[in-house]
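Taking it in order: structure first as structure tokens, then the write-up.
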Amino acid sequence: MSLDASVIDQLAARLLAAPPALPGGEQLVPDWLPERAFDRPPVPAAVLIALIRRPEGYTVLYTERSPDLRAHSGQVAFPGGKVDASDADVGAAALREAYEEVGMRRQDARILGFMPTYFTGTNYLITPVVAEVAPSGPFVPNPGEVHSVFEVPLQRILDTESYGRFRIKRNGREHSTWQIDHDGHTIWGITANLTRQFRDLALGEAAL
């Protein structure tokens with residue numbers, strides 16, 4: 001059995017079997033503190049950490065957001081977005097978004113489990129959904145949302161040497177996130193932090 005396949009087999013036992021309950025506002029600490037306190041409840045969201053089964057091994061799917069979007073334009077992200085009232089749960093939301101953004105068919109994906117929620121400094125409460133995907137066709141970016149799609153080998157994601165630090169100033173204060181550079185793409189911010197949390201969980205170096 002390859003290391004990739006071994007990691008996939010172990011993931012189901014390390015992930016949450018059901019979506020985590022959303023914590024109350026008093027329990028939430030954002031990844032960076034905004035200048036003003038939030039004046040509304042956090043917005044539930046979901047992202048899909050898609051493990052793509054390729055002949056040469058597993059890869060992890062990322063998108064580069066359209067430069068025309070108002071929020072986070074041009075940044076690297078996982079497929080995902082806000083949970084709609086019509087979504088059965090965060091898993092359904094993540095698969096719906098992946099279909100809308102890159103044409104991933106939900107029947108091609110098998111949800112392995114869920115990671116703990118991640119609270120952002122922009123007041124989003126994100127649940128990462130981890131799925132194994134056997135694509136039946138190519139991923140096609142929706143030009144209204146996604147500029148490009150790319151994949152990073154799972155072995156590169158699991159390698160601690162792949163990670164550096166990204167620093168940015170907000171409101172006069174410096175913030176730091178994980179950073180991964182791959183094939184001309186810079187993954188940083190929420191996406192890199194979630195990638196690192198996934199890596200640590202996959203290798204049994206983080207507790208739920």
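Convention: chains lettered A, B, ... in structure tokens order; per-chain residue numbering from 1; ligands numbered from 1 as shown.
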Excluding range 87-98 of chain A and any residue of its chain fewer than 6 positions from it, enumerate the residues within 12 Å of it, using only C-alpha atoms, and give them as an mmCIF file with all heavy atoms, in the first residue's frame.
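Once written, result38.cif looks like this:
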```cif
data_model
loop_
_atom_site.group_PDB
_atom_site.id
_atom_site.type_symbol
_atom_site.label_atom_id
_atom_site.label_comp_id
_atom_site.auth_asym_id
_atom_site.auth_seq_id
_atom_site.Cartn_x
_atom_site.Cartn_y
_atom_site.Cartn_z
ATOM 1 N N ALA A 17 -16.915 12.289 12.246
ATOM 2 C CA ALA A 17 -17.825 11.523 11.401
ATOM 3 C C ALA A 17 -19.041 12.335 10.990
ATOM 4 O O ALA A 17 -19.679 12.033 9.977
ATOM 5 C CB ALA A 17 -18.263 10.255 12.125
ATOM 6 N N ALA A 18 -19.376 13.363 11.760
ATOM 7 C CA ALA A 18 -20.522 14.216 11.465
ATOM 8 C C ALA A 18 -20.082 15.669 11.562
ATOM 9 O O ALA A 18 -19.096 15.983 12.249
ATOM 10 C CB ALA A 18 -21.659 13.934 12.439
ATOM 11 N N PRO A 19 -20.785 16.582 10.893
ATOM 12 C CA PRO A 19 -20.411 18.000 11.000
ATOM 13 C C PRO A 19 -20.418 18.448 12.448
ATOM 14 O O PRO A 19 -21.336 18.101 13.209
ATOM 15 C CB PRO A 19 -21.515 18.704 10.189
ATOM 16 C CG PRO A 19 -22.015 17.677 9.230
ATOM 17 C CD PRO A 19 -21.931 16.370 9.968
ATOM 18 N N PRO A 20 -19.407 19.199 12.869
ATOM 19 C CA PRO A 20 -19.358 19.655 14.262
ATOM 20 C C PRO A 20 -20.457 20.670 14.549
ATOM 21 O O PRO A 20 -20.874 21.419 13.664
ATOM 22 C CB PRO A 20 -17.968 20.295 14.374
ATOM 23 C CG PRO A 20 -17.654 20.722 12.975
ATOM 24 C CD PRO A 20 -18.269 19.692 12.078
ATOM 25 N N ALA A 21 -20.930 20.646 15.783
ATOM 26 C CA ALA A 21 -21.897 21.664 16.198
ATOM 27 C C ALA A 21 -21.218 23.024 16.157
ATOM 28 O O ALA A 21 -20.042 23.161 16.530
ATOM 29 C CB ALA A 21 -22.398 21.360 17.601
ATOM 30 N N LEU A 22 -21.937 24.043 15.703
ATOM 31 C CA LEU A 22 -21.352 25.372 15.608
ATOM 32 C C LEU A 22 -21.273 25.974 17.002
ATOM 33 O O LEU A 22 -22.279 26.036 17.707
ATOM 34 C CB LEU A 22 -22.185 26.259 14.678
ATOM 35 C CG LEU A 22 -22.299 25.779 13.229
ATOM 36 C CD1 LEU A 22 -23.083 26.782 12.402
ATOM 37 C CD2 LEU A 22 -20.922 25.539 12.621
ATOM 38 N N PRO A 44 -22.191 30.959 8.632
ATOM 39 C CA PRO A 44 -21.738 29.579 8.410
ATOM 40 C C PRO A 44 -21.284 29.382 6.959
ATOM 41 O O PRO A 44 -21.938 29.830 6.017
ATOM 42 C CB PRO A 44 -22.981 28.735 8.717
ATOM 43 C CG PRO A 44 -23.869 29.618 9.535
ATOM 44 C CD PRO A 44 -23.615 31.011 9.027
ATOM 45 N N ALA A 45 -20.162 28.714 6.789
ATOM 46 C CA ALA A 45 -19.603 28.451 5.467
ATOM 47 C C ALA A 45 -18.958 27.070 5.465
ATOM 48 O O ALA A 45 -18.738 26.466 6.525
ATOM 49 C CB ALA A 45 -18.588 29.522 5.082
ATOM 50 N N ALA A 46 -18.667 26.576 4.282
ATOM 51 C CA ALA A 46 -18.025 25.268 4.138
ATOM 52 C C ALA A 46 -17.021 25.329 3.002
ATOM 53 O O ALA A 46 -17.235 26.037 2.012
ATOM 54 C CB ALA A 46 -19.060 24.177 3.860
ATOM 55 N N VAL A 47 -15.920 24.610 3.164
ATOM 56 C CA VAL A 47 -14.963 24.446 2.064
ATOM 57 C C VAL A 47 -14.720 22.957 1.863
ATOM 58 O O VAL A 47 -14.889 22.146 2.782
ATOM 59 C CB VAL A 47 -13.612 25.161 2.338
ATOM 60 C CG1 VAL A 47 -13.804 26.659 2.468
ATOM 61 C CG2 VAL A 47 -12.923 24.588 3.562
ATOM 62 N N LEU A 48 -14.350 22.608 0.640
ATOM 63 C CA LEU A 48 -14.080 21.212 0.305
ATOM 64 C C LEU A 48 -12.579 20.999 0.151
ATOM 65 O O LEU A 48 -11.948 21.605 -0.716
ATOM 66 C CB LEU A 48 -14.789 20.823 -0.993
ATOM 67 C CG LEU A 48 -14.707 19.328 -1.352
ATOM 68 C CD1 LEU A 48 -15.511 18.494 -0.353
ATOM 69 C CD2 LEU A 48 -15.187 19.073 -2.770
ATOM 70 N N ILE A 49 -12.021 20.165 1.003
ATOM 71 C CA ILE A 49 -10.636 19.719 0.830
ATOM 72 C C ILE A 49 -10.732 18.416 0.044
ATOM 73 O O ILE A 49 -11.025 17.349 0.590
ATOM 74 C CB ILE A 49 -9.923 19.530 2.176
ATOM 75 C CG1 ILE A 49 -9.909 20.860 2.945
ATOM 76 C CG2 ILE A 49 -8.497 19.015 1.965
ATOM 77 C CD1 ILE A 49 -9.229 20.786 4.298
ATOM 78 N N ALA A 50 -10.545 18.534 -1.266
ATOM 79 C CA ALA A 50 -10.770 17.418 -2.186
ATOM 80 C C ALA A 50 -9.465 16.689 -2.466
ATOM 81 O O ALA A 50 -8.516 17.290 -2.985
ATOM 82 C CB ALA A 50 -11.389 17.928 -3.485
ATOM 83 N N LEU A 61 -6.977 19.692 -4.400
ATOM 84 C CA LEU A 61 -7.504 20.653 -5.369
ATOM 85 C C LEU A 61 -7.591 22.056 -4.780
ATOM 86 O O LEU A 61 -8.098 22.245 -3.669
ATOM 87 C CB LEU A 61 -8.900 20.217 -5.819
ATOM 88 C CG LEU A 61 -9.591 21.098 -6.854
ATOM 89 C CD1 LEU A 61 -8.928 20.920 -8.217
ATOM 90 C CD2 LEU A 61 -11.073 20.766 -6.946
ATOM 91 N N TYR A 62 -7.112 23.043 -5.553
ATOM 92 C CA TYR A 62 -7.211 24.458 -5.175
ATOM 93 C C TYR A 62 -7.762 25.248 -6.361
ATOM 94 O O TYR A 62 -7.631 24.841 -7.517
ATOM 95 C CB TYR A 62 -5.842 25.022 -4.794
ATOM 96 C CG TYR A 62 -5.256 24.433 -3.540
ATOM 97 C CD1 TYR A 62 -4.463 23.284 -3.604
ATOM 98 C CD2 TYR A 62 -5.477 25.023 -2.302
ATOM 99 C CE1 TYR A 62 -3.920 22.737 -2.450
ATOM 100 C CE2 TYR A 62 -4.935 24.487 -1.150
ATOM 101 C CZ TYR A 62 -4.160 23.337 -1.233
ATOM 102 O OH TYR A 62 -3.629 22.801 -0.093
ATOM 103 N N THR A 63 -8.343 26.395 -6.050
ATOM 104 C CA THR A 63 -8.787 27.315 -7.091
ATOM 105 C C THR A 63 -8.091 28.661 -6.896
ATOM 106 O O THR A 63 -7.724 29.022 -5.779
ATOM 107 C CB THR A 63 -10.306 27.547 -7.054
ATOM 108 O OG1 THR A 63 -10.663 28.255 -5.858
ATOM 109 C CG2 THR A 63 -11.067 26.227 -7.108
ATOM 110 N N ALA A 77 -7.832 29.481 -3.033
ATOM 111 C CA ALA A 77 -8.848 29.037 -2.088
ATOM 112 C C ALA A 77 -9.207 27.582 -2.351
ATOM 113 O O ALA A 77 -8.890 27.021 -3.404
ATOM 114 C CB ALA A 77 -10.103 29.907 -2.206
ATOM 115 N N PHE A 78 -9.870 26.982 -1.375
ATOM 116 C CA PHE A 78 -10.560 25.720 -1.620
ATOM 117 C C PHE A 78 -11.930 26.047 -2.216
ATOM 118 O O PHE A 78 -12.480 27.114 -1.945
ATOM 119 C CB PHE A 78 -10.763 24.953 -0.311
ATOM 120 C CG PHE A 78 -9.512 24.412 0.301
ATOM 121 C CD1 PHE A 78 -9.088 24.857 1.539
ATOM 122 C CD2 PHE A 78 -8.777 23.428 -0.339
ATOM 123 C CE1 PHE A 78 -7.936 24.354 2.126
ATOM 124 C CE2 PHE A 78 -7.615 22.916 0.235
ATOM 125 C CZ PHE A 78 -7.200 23.381 1.468
ATOM 126 N N PRO A 79 -12.513 25.142 -3.003
ATOM 127 C CA PRO A 79 -13.905 25.356 -3.393
ATOM 128 C C PRO A 79 -14.763 25.503 -2.132
ATOM 129 O O PRO A 79 -14.567 24.773 -1.152
ATOM 130 C CB PRO A 79 -14.262 24.078 -4.156
ATOM 131 C CG PRO A 79 -12.955 23.526 -4.620
ATOM 132 C CD PRO A 79 -11.964 23.890 -3.544
ATOM 133 N N GLY A 80 -15.692 26.436 -2.149
ATOM 134 C CA GLY A 80 -16.537 26.597 -0.969
ATOM 135 C C GLY A 80 -17.208 27.946 -0.936
ATOM 136 O O GLY A 80 -17.008 28.799 -1.804
ATOM 137 N N GLY A 81 -18.016 28.132 0.103
ATOM 138 C CA GLY A 81 -18.736 29.380 0.264
ATOM 139 C C GLY A 81 -19.757 29.272 1.373
ATOM 140 O O GLY A 81 -19.725 28.334 2.182
ATOM 141 N N MET A 104 -17.255 19.912 -10.417
ATOM 142 C CA MET A 104 -17.046 18.615 -9.789
ATOM 143 C C MET A 104 -18.406 17.960 -9.515
ATOM 144 O O MET A 104 -19.243 18.517 -8.808
ATOM 145 C CB MET A 104 -16.273 18.753 -8.476
ATOM 146 C CG MET A 104 -16.015 17.402 -7.783
ATOM 147 S SD MET A 104 -15.336 17.608 -6.115
ATOM 148 C CE MET A 104 -13.739 18.321 -6.510
ATOM 149 N N ARG A 105 -18.597 16.775 -10.065
ATOM 150 C CA ARG A 105 -19.864 16.074 -9.869
ATOM 151 C C ARG A 105 -19.907 15.461 -8.477
ATOM 152 O O ARG A 105 -18.961 14.803 -8.051
ATOM 153 C CB ARG A 105 -20.029 14.996 -10.937
ATOM 154 C CG ARG A 105 -20.050 15.555 -12.351
ATOM 155 C CD ARG A 105 -20.109 14.452 -13.383
ATOM 156 N NE ARG A 105 -20.083 14.988 -14.743
ATOM 157 C CZ ARG A 105 -20.064 14.243 -15.821
ATOM 158 N NH1 ARG A 105 -20.050 12.918 -15.723
ATOM 159 N NH2 ARG A 105 -20.045 14.805 -17.028
ATOM 160 N N ARG A 106 -21.038 15.656 -7.798
ATOM 161 C CA ARG A 106 -21.094 15.182 -6.407
ATOM 162 C C ARG A 106 -21.021 13.672 -6.324
ATOM 163 O O ARG A 106 -20.562 13.124 -5.312
ATOM 164 C CB ARG A 106 -22.293 15.769 -5.670
ATOM 165 C CG ARG A 106 -23.659 15.341 -6.080
ATOM 166 C CD ARG A 106 -24.696 15.986 -5.177
ATOM 167 N NE ARG A 106 -24.731 17.432 -5.321
ATOM 168 C CZ ARG A 106 -25.088 18.263 -4.337
ATOM 169 N NH1 ARG A 106 -25.402 17.795 -3.161
ATOM 170 N NH2 ARG A 106 -25.126 19.559 -4.538
ATOM 171 N N GLN A 107 -21.439 12.957 -7.392
ATOM 172 C CA GLN A 107 -21.339 11.499 -7.344
ATOM 173 C C GLN A 107 -19.889 11.016 -7.463
ATOM 174 O O GLN A 107 -19.611 9.845 -7.210
ATOM 175 C CB GLN A 107 -22.203 10.850 -8.427
ATOM 176 C CG GLN A 107 -21.826 11.197 -9.856
ATOM 177 C CD GLN A 107 -22.650 12.350 -10.399
ATOM 178 O OE1 GLN A 107 -23.040 13.243 -9.655
ATOM 179 N NE2 GLN A 107 -22.931 12.311 -11.709
ATOM 180 N N ASP A 108 -18.980 11.918 -7.852
ATOM 181 C CA ASP A 108 -17.561 11.551 -7.938
ATOM 182 C C ASP A 108 -16.861 11.658 -6.584
ATOM 183 O O ASP A 108 -15.702 11.239 -6.454
ATOM 184 C CB ASP A 108 -16.836 12.464 -8.934
ATOM 185 C CG ASP A 108 -17.289 12.248 -10.367
ATOM 186 O OD1 ASP A 108 -17.989 11.248 -10.633
ATOM 187 O OD2 ASP A 108 -16.949 13.091 -11.222
ATOM 188 N N ALA A 109 -17.529 12.255 -5.600
ATOM 189 C CA ALA A 109 -16.898 12.532 -4.305
ATOM 190 C C ALA A 109 -17.457 11.640 -3.207
ATOM 191 O O ALA A 109 -18.660 11.368 -3.150
ATOM 192 C CB ALA A 109 -17.100 13.998 -3.936
ATOM 193 N N ARG A 110 -16.574 11.189 -2.341
ATOM 194 C CA ARG A 110 -16.960 10.418 -1.154
ATOM 195 C C ARG A 110 -16.458 11.177 0.068
ATOM 196 O O ARG A 110 -15.245 11.297 0.277
ATOM 197 C CB ARG A 110 -16.353 9.017 -1.200
ATOM 198 C CG ARG A 110 -16.647 8.158 0.039
ATOM 199 C CD ARG A 110 -16.132 6.740 -0.160
ATOM 200 N NE ARG A 110 -14.680 6.670 -0.190
ATOM 201 C CZ ARG A 110 -13.921 6.363 0.879
ATOM 202 N NH1 ARG A 110 -14.473 6.160 2.061
ATOM 203 N NH2 ARG A 110 -12.598 6.290 0.750
ATOM 204 N N ILE A 111 -17.371 11.708 0.855
ATOM 205 C CA ILE A 111 -16.973 12.468 2.038
ATOM 206 C C ILE A 111 -16.355 11.533 3.068
ATOM 207 O O ILE A 111 -16.956 10.527 3.468
ATOM 208 C CB ILE A 111 -18.175 13.227 2.628
ATOM 209 C CG1 ILE A 111 -18.621 14.337 1.668
ATOM 210 C CG2 ILE A 111 -17.816 13.819 3.993
ATOM 211 C CD1 ILE A 111 -19.828 15.124 2.141
ATOM 212 N N LEU A 112 -15.137 11.851 3.486
ATOM 213 C CA LEU A 112 -14.427 11.056 4.485
ATOM 214 C C LEU A 112 -14.730 11.531 5.897
ATOM 215 O O LEU A 112 -14.663 10.747 6.849
ATOM 216 C CB LEU A 112 -12.918 11.123 4.237
ATOM 217 C CG LEU A 112 -12.429 10.617 2.880
ATOM 218 C CD1 LEU A 112 -10.933 10.888 2.725
ATOM 219 C CD2 LEU A 112 -12.716 9.123 2.719
ATOM 220 N N GLY A 113 -15.031 12.813 6.046
ATOM 221 C CA GLY A 113 -15.318 13.359 7.371
ATOM 222 C C GLY A 113 -15.149 14.864 7.391
ATOM 223 O O GLY A 113 -15.003 15.510 6.334
ATOM 224 N N PHE A 114 -15.141 15.399 8.590
ATOM 225 C CA PHE A 114 -15.164 16.841 8.784
ATOM 226 C C PHE A 114 -14.069 17.255 9.769
ATOM 227 O O PHE A 114 -13.709 16.497 10.671
ATOM 228 C CB PHE A 114 -16.531 17.270 9.329
ATOM 229 C CG PHE A 114 -17.679 16.788 8.483
ATOM 230 C CD1 PHE A 114 -18.208 15.507 8.678
ATOM 231 C CD2 PHE A 114 -18.205 17.578 7.479
ATOM 232 C CE1 PHE A 114 -19.260 15.045 7.897
ATOM 233 C CE2 PHE A 114 -19.247 17.121 6.686
ATOM 234 C CZ PHE A 114 -19.771 15.860 6.900
ATOM 235 N N MET A 115 -13.569 18.467 9.586
ATOM 236 C CA MET A 115 -12.593 19.039 10.512
ATOM 237 C C MET A 115 -13.295 20.041 11.422
ATOM 238 O O MET A 115 -14.413 20.489 11.124
ATOM 239 C CB MET A 115 -11.466 19.715 9.725
ATOM 240 C CG MET A 115 -10.534 18.727 9.033
ATOM 241 S SD MET A 115 -9.383 19.489 7.835
ATOM 242 C CE MET A 115 -8.619 20.782 8.813
ATOM 243 N N PRO A 116 -12.676 20.405 12.538
ATOM 244 C CA PRO A 116 -13.277 21.412 13.413
ATOM 245 C C PRO A 116 -13.480 22.734 12.676
ATOM 246 O O PRO A 116 -12.789 23.043 11.710
ATOM 247 C CB PRO A 116 -12.258 21.555 14.542
ATOM 248 C CG PRO A 116 -11.514 20.265 14.557
ATOM 249 C CD PRO A 116 -11.444 19.840 13.121
ATOM 250 N N THR A 117 -14.427 23.522 13.145
ATOM 251 C CA THR A 117 -14.716 24.810 12.519
ATOM 252 C C THR A 117 -13.546 25.777 12.684
ATOM 253 O O THR A 117 -12.756 25.672 13.628
ATOM 254 C CB THR A 117 -15.982 25.432 13.119
ATOM 255 O OG1 THR A 117 -15.855 25.472 14.543
ATOM 256 C CG2 THR A 117 -17.210 24.628 12.750
ATOM 257 N N LEU A 125 -17.664 31.398 9.784
ATOM 258 C CA LEU A 125 -17.410 30.195 10.566
ATOM 259 C C LEU A 125 -17.371 29.027 9.581
ATOM 260 O O LEU A 125 -18.409 28.548 9.108
ATOM 261 C CB LEU A 125 -18.512 30.005 11.612
ATOM 262 C CG LEU A 125 -18.290 28.958 12.692
ATOM 263 C CD1 LEU A 125 -16.970 29.198 13.427
ATOM 264 C CD2 LEU A 125 -19.450 28.964 13.676
ATOM 265 N N ILE A 126 -16.153 28.600 9.248
ATOM 266 C CA ILE A 126 -15.932 27.649 8.162
ATOM 267 C C ILE A 126 -15.803 26.227 8.701
ATOM 268 O O ILE A 126 -15.037 25.974 9.638
ATOM 269 C CB ILE A 126 -14.659 28.003 7.383
ATOM 270 C CG1 ILE A 126 -14.770 29.406 6.774
ATOM 271 C CG2 ILE A 126 -14.384 26.971 6.295
ATOM 272 C CD1 ILE A 126 -13.472 29.889 6.145
ATOM 273 N N THR A 127 -16.537 25.303 8.096
ATOM 274 C CA THR A 127 -16.350 23.881 8.373
ATOM 275 C C THR A 127 -15.654 23.240 7.181
ATOM 276 O O THR A 127 -16.217 23.214 6.076
ATOM 277 C CB THR A 127 -17.688 23.163 8.609
ATOM 278 O OG1 THR A 127 -18.387 23.782 9.687
ATOM 279 C CG2 THR A 127 -17.452 21.696 8.953
ATOM 280 N N PRO A 128 -14.426 22.723 7.343
ATOM 281 C CA PRO A 128 -13.767 22.019 6.243
ATOM 282 C C PRO A 128 -14.342 20.609 6.091
ATOM 283 O O PRO A 128 -14.470 19.862 7.064
ATOM 284 C CB PRO A 128 -12.299 21.976 6.679
ATOM 285 C CG PRO A 128 -12.186 22.964 7.805
ATOM 286 C CD PRO A 128 -13.521 22.958 8.478
ATOM 287 N N VAL A 129 -14.693 20.268 4.864
ATOM 288 C CA VAL A 129 -15.232 18.956 4.516
ATOM 289 C C VAL A 129 -14.171 18.232 3.690
ATOM 290 O O VAL A 129 -13.722 18.757 2.663
ATOM 291 C CB VAL A 129 -16.539 19.095 3.709
ATOM 292 C CG1 VAL A 129 -17.113 17.730 3.373
ATOM 293 C CG2 VAL A 129 -17.554 19.952 4.471
ATOM 294 N N VAL A 130 -13.753 17.058 4.131
ATOM 295 C CA VAL A 130 -12.693 16.316 3.439
ATOM 296 C C VAL A 130 -13.329 15.192 2.638
ATOM 297 O O VAL A 130 -14.137 14.411 3.159
ATOM 298 C CB VAL A 130 -11.672 15.745 4.439
ATOM 299 C CG1 VAL A 130 -10.545 15.018 3.698
ATOM 300 C CG2 VAL A 130 -11.096 16.867 5.307
ATOM 301 N N ALA A 131 -12.987 15.105 1.354
ATOM 302 C CA ALA A 131 -13.580 14.092 0.483
ATOM 303 C C ALA A 131 -12.529 13.490 -0.431
ATOM 304 O O ALA A 131 -11.582 14.164 -0.855
ATOM 305 C CB ALA A 131 -14.711 14.686 -0.353
ATOM 306 N N GLU A 132 -12.701 12.228 -0.739
ATOM 307 C CA GLU A 132 -11.919 11.552 -1.773
ATOM 308 C C GLU A 132 -12.695 11.680 -3.079
ATOM 309 O O GLU A 132 -13.912 11.450 -3.111
ATOM 310 C CB GLU A 132 -11.715 10.083 -1.415
ATOM 311 C CG GLU A 132 -10.905 9.305 -2.431
ATOM 312 C CD GLU A 132 -10.807 7.827 -2.088
ATOM 313 O OE1 GLU A 132 -11.632 7.334 -1.289
ATOM 314 O OE2 GLU A 132 -9.918 7.160 -2.638
ATOM 315 N N VAL A 133 -12.002 12.061 -4.153
ATOM 316 C CA VAL A 133 -12.679 12.330 -5.420
ATOM 317 C C VAL A 133 -12.029 11.507 -6.536
ATOM 318 O O VAL A 133 -10.811 11.550 -6.725
ATOM 319 C CB VAL A 133 -12.618 13.834 -5.779
ATOM 320 C CG1 VAL A 133 -13.289 14.087 -7.118
ATOM 321 C CG2 VAL A 133 -13.266 14.665 -4.673
ATOM 322 N N PHE A 139 -11.897 19.254 -14.488
ATOM 323 C CA PHE A 139 -12.465 20.365 -13.735
ATOM 324 C C PHE A 139 -12.434 21.614 -14.624
ATOM 325 O O PHE A 139 -11.394 21.952 -15.190
ATOM 326 C CB PHE A 139 -11.683 20.603 -12.454
ATOM 327 C CG PHE A 139 -11.692 19.412 -11.523
ATOM 328 C CD1 PHE A 139 -10.504 18.834 -11.097
ATOM 329 C CD2 PHE A 139 -12.890 18.872 -11.082
ATOM 330 C CE1 PHE A 139 -10.508 17.732 -10.250
ATOM 331 C CE2 PHE A 139 -12.909 17.770 -10.239
ATOM 332 C CZ PHE A 139 -11.716 17.193 -9.825
ATOM 333 N N VAL A 140 -13.572 22.284 -14.712
ATOM 334 C CA VAL A 140 -13.699 23.443 -15.599
ATOM 335 C C VAL A 140 -14.073 24.655 -14.740
ATOM 336 O O VAL A 140 -15.151 24.687 -14.149
ATOM 337 C CB VAL A 140 -14.769 23.206 -16.678
ATOM 338 C CG1 VAL A 140 -14.879 24.429 -17.585
ATOM 339 C CG2 VAL A 140 -14.441 21.955 -17.490
ATOM 340 N N PRO A 141 -13.200 25.659 -14.661
ATOM 341 C CA PRO A 141 -13.492 26.829 -13.826
ATOM 342 C C PRO A 141 -14.723 27.589 -14.310
ATOM 343 O O PRO A 141 -14.897 27.807 -15.508
ATOM 344 C CB PRO A 141 -12.234 27.691 -13.955
ATOM 345 C CG PRO A 141 -11.171 26.788 -14.481
ATOM 346 C CD PRO A 141 -11.870 25.760 -15.294
ATOM 347 N N ASN A 142 -15.575 27.985 -13.379
ATOM 348 C CA ASN A 142 -16.680 28.902 -13.667
ATOM 349 C C ASN A 142 -16.073 30.295 -13.760
ATOM 350 O O ASN A 142 -15.603 30.836 -12.759
ATOM 351 C CB ASN A 142 -17.706 28.825 -12.538
ATOM 352 C CG ASN A 142 -18.839 29.832 -12.690
ATOM 353 O OD1 ASN A 142 -18.773 30.754 -13.504
ATOM 354 N ND2 ASN A 142 -19.875 29.679 -11.891
ATOM 355 N N GLU A 145 -16.462 33.054 -11.095
ATOM 356 C CA GLU A 145 -15.951 32.899 -9.733
ATOM 357 C C GLU A 145 -14.485 32.477 -9.684
ATOM 358 O O GLU A 145 -13.763 32.850 -8.758
ATOM 359 C CB GLU A 145 -16.783 31.856 -8.976
ATOM 360 C CG GLU A 145 -18.250 32.178 -8.817
ATOM 361 C CD GLU A 145 -18.968 31.131 -7.986
ATOM 362 O OE1 GLU A 145 -18.530 30.879 -6.850
ATOM 363 O OE2 GLU A 145 -19.956 30.565 -8.469
ATOM 364 N N VAL A 146 -14.065 31.695 -10.664
ATOM 365 C CA VAL A 146 -12.755 31.042 -10.590
ATOM 366 C C VAL A 146 -11.933 31.373 -11.829
ATOM 367 O O VAL A 146 -12.411 31.217 -12.966
ATOM 368 C CB VAL A 146 -12.920 29.510 -10.452
ATOM 369 C CG1 VAL A 146 -11.562 28.823 -10.488
ATOM 370 C CG2 VAL A 146 -13.665 29.172 -9.169
ATOM 371 N N VAL A 149 -7.812 26.498 -11.957
ATOM 372 C CA VAL A 149 -7.833 25.368 -11.029
ATOM 373 C C VAL A 149 -6.469 24.695 -11.100
ATOM 374 O O VAL A 149 -5.897 24.553 -12.178
ATOM 375 C CB VAL A 149 -8.931 24.353 -11.418
ATOM 376 C CG1 VAL A 149 -8.949 23.178 -10.449
ATOM 377 C CG2 VAL A 149 -10.288 25.024 -11.463
#
```
| request: Please identify all polymer residues within 6 Å of range 154-164 of chain A, counting only C-alpha atoms, omitting same-chain residues fewer than 2 positions from it, and present them as an MDAnalysis selection string. | output: chainID A and resid 58:60 178:180 199
I need the chosen residues saved as a CSV table (one decimal), in the first residue's frame, with all heavy atoms.
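Output saved as selection-v1.csv:
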```
chain,number,residue,atom,x,y,z
A,58,TYR,N,-2.4,10.8,-5.1
A,58,TYR,CA,-3.4,11.7,-4.7
A,58,TYR,C,-2.9,13.2,-4.8
A,58,TYR,O,-1.7,13.4,-4.6
A,58,TYR,CB,-3.9,11.5,-3.3
A,58,TYR,CG,-4.8,10.3,-3.2
A,58,TYR,CD1,-4.4,9.0,-2.9
A,58,TYR,CD2,-6.2,10.5,-3.3
A,58,TYR,CE1,-5.2,8.0,-2.8
A,58,TYR,CE2,-7.1,9.4,-3.2
A,58,TYR,CZ,-6.6,8.2,-3.0
A,58,TYR,OH,-7.5,7.1,-2.8
A,59,THR,N,-3.8,14.1,-5.2
A,59,THR,CA,-3.5,15.5,-5.2
A,59,THR,C,-4.6,16.2,-4.4
A,59,THR,O,-5.6,15.6,-4.0
A,59,THR,CB,-3.5,16.1,-6.6
A,59,THR,OG1,-4.8,16.0,-7.2
A,59,THR,CG2,-2.4,15.3,-7.5
A,60,VAL,N,-4.3,17.5,-4.0
A,60,VAL,CA,-5.3,18.3,-3.3
A,60,VAL,C,-5.7,19.5,-4.3
A,60,VAL,O,-4.8,20.1,-4.9
A,60,VAL,CB,-4.7,18.9,-2.0
A,60,VAL,CG1,-5.8,19.8,-1.3
A,60,VAL,CG2,-4.3,17.7,-1.1
A,178,TRP,N,0.4,30.5,7.6
A,178,TRP,CA,1.2,29.6,6.9
A,178,TRP,C,1.3,30.0,5.4
A,178,TRP,O,0.4,30.7,4.9
A,178,TRP,CB,0.7,28.2,7.0
A,178,TRP,CG,0.9,27.6,8.4
A,178,TRP,CD1,-0.1,27.3,9.3
A,178,TRP,CD2,2.1,27.1,9.0
A,178,TRP,NE1,0.4,26.8,10.4
A,178,TRP,CE2,1.8,26.6,10.2
A,178,TRP,CE3,3.4,27.1,8.5
A,178,TRP,CZ2,2.7,26.1,11.1
A,178,TRP,CZ3,4.4,26.6,9.4
A,178,TRP,CH2,4.0,26.1,10.6
A,179,GLN,N,2.3,29.5,4.7
A,179,GLN,CA,2.4,29.8,3.3
A,179,GLN,C,3.0,28.6,2.6
A,179,GLN,O,3.9,27.9,3.1
A,179,GLN,CB,3.3,31.0,3.0
A,179,GLN,CG,3.6,31.3,1.6
A,179,GLN,CD,4.5,32.5,1.3
A,179,GLN,OE1,4.4,33.5,2.1
A,179,GLN,NE2,5.4,32.4,0.3
A,180,ILE,N,2.4,28.3,1.4
A,180,ILE,CA,3.0,27.2,0.6
A,180,ILE,C,3.1,27.7,-0.9
A,180,ILE,O,2.2,28.3,-1.4
A,180,ILE,CB,2.0,26.0,0.5
A,180,ILE,CG1,1.6,25.5,1.9
A,180,ILE,CG2,2.6,24.8,-0.3
A,180,ILE,CD1,0.4,24.7,2.0
A,199,ARG,N,-3.0,18.8,7.2
A,199,ARG,CA,-1.7,18.0,7.2
A,199,ARG,C,-1.5,17.4,8.6
A,199,ARG,O,-1.1,16.2,8.7
A,199,ARG,CB,-0.6,18.9,6.7
A,199,ARG,CG,0.8,18.2,6.7
A,199,ARG,CD,1.6,18.7,7.9
A,199,ARG,NE,2.8,17.9,8.0
A,199,ARG,CZ,3.5,17.7,9.2
A,199,ARG,NH1,3.0,18.0,10.3
A,199,ARG,NH2,4.6,17.0,9.1
```
| remark: For Asp39 in chain A, the closest of A:Leu203, A:Thr195, A:Asn123, A:His182 counting only C-alpha atoms is A:Asn123
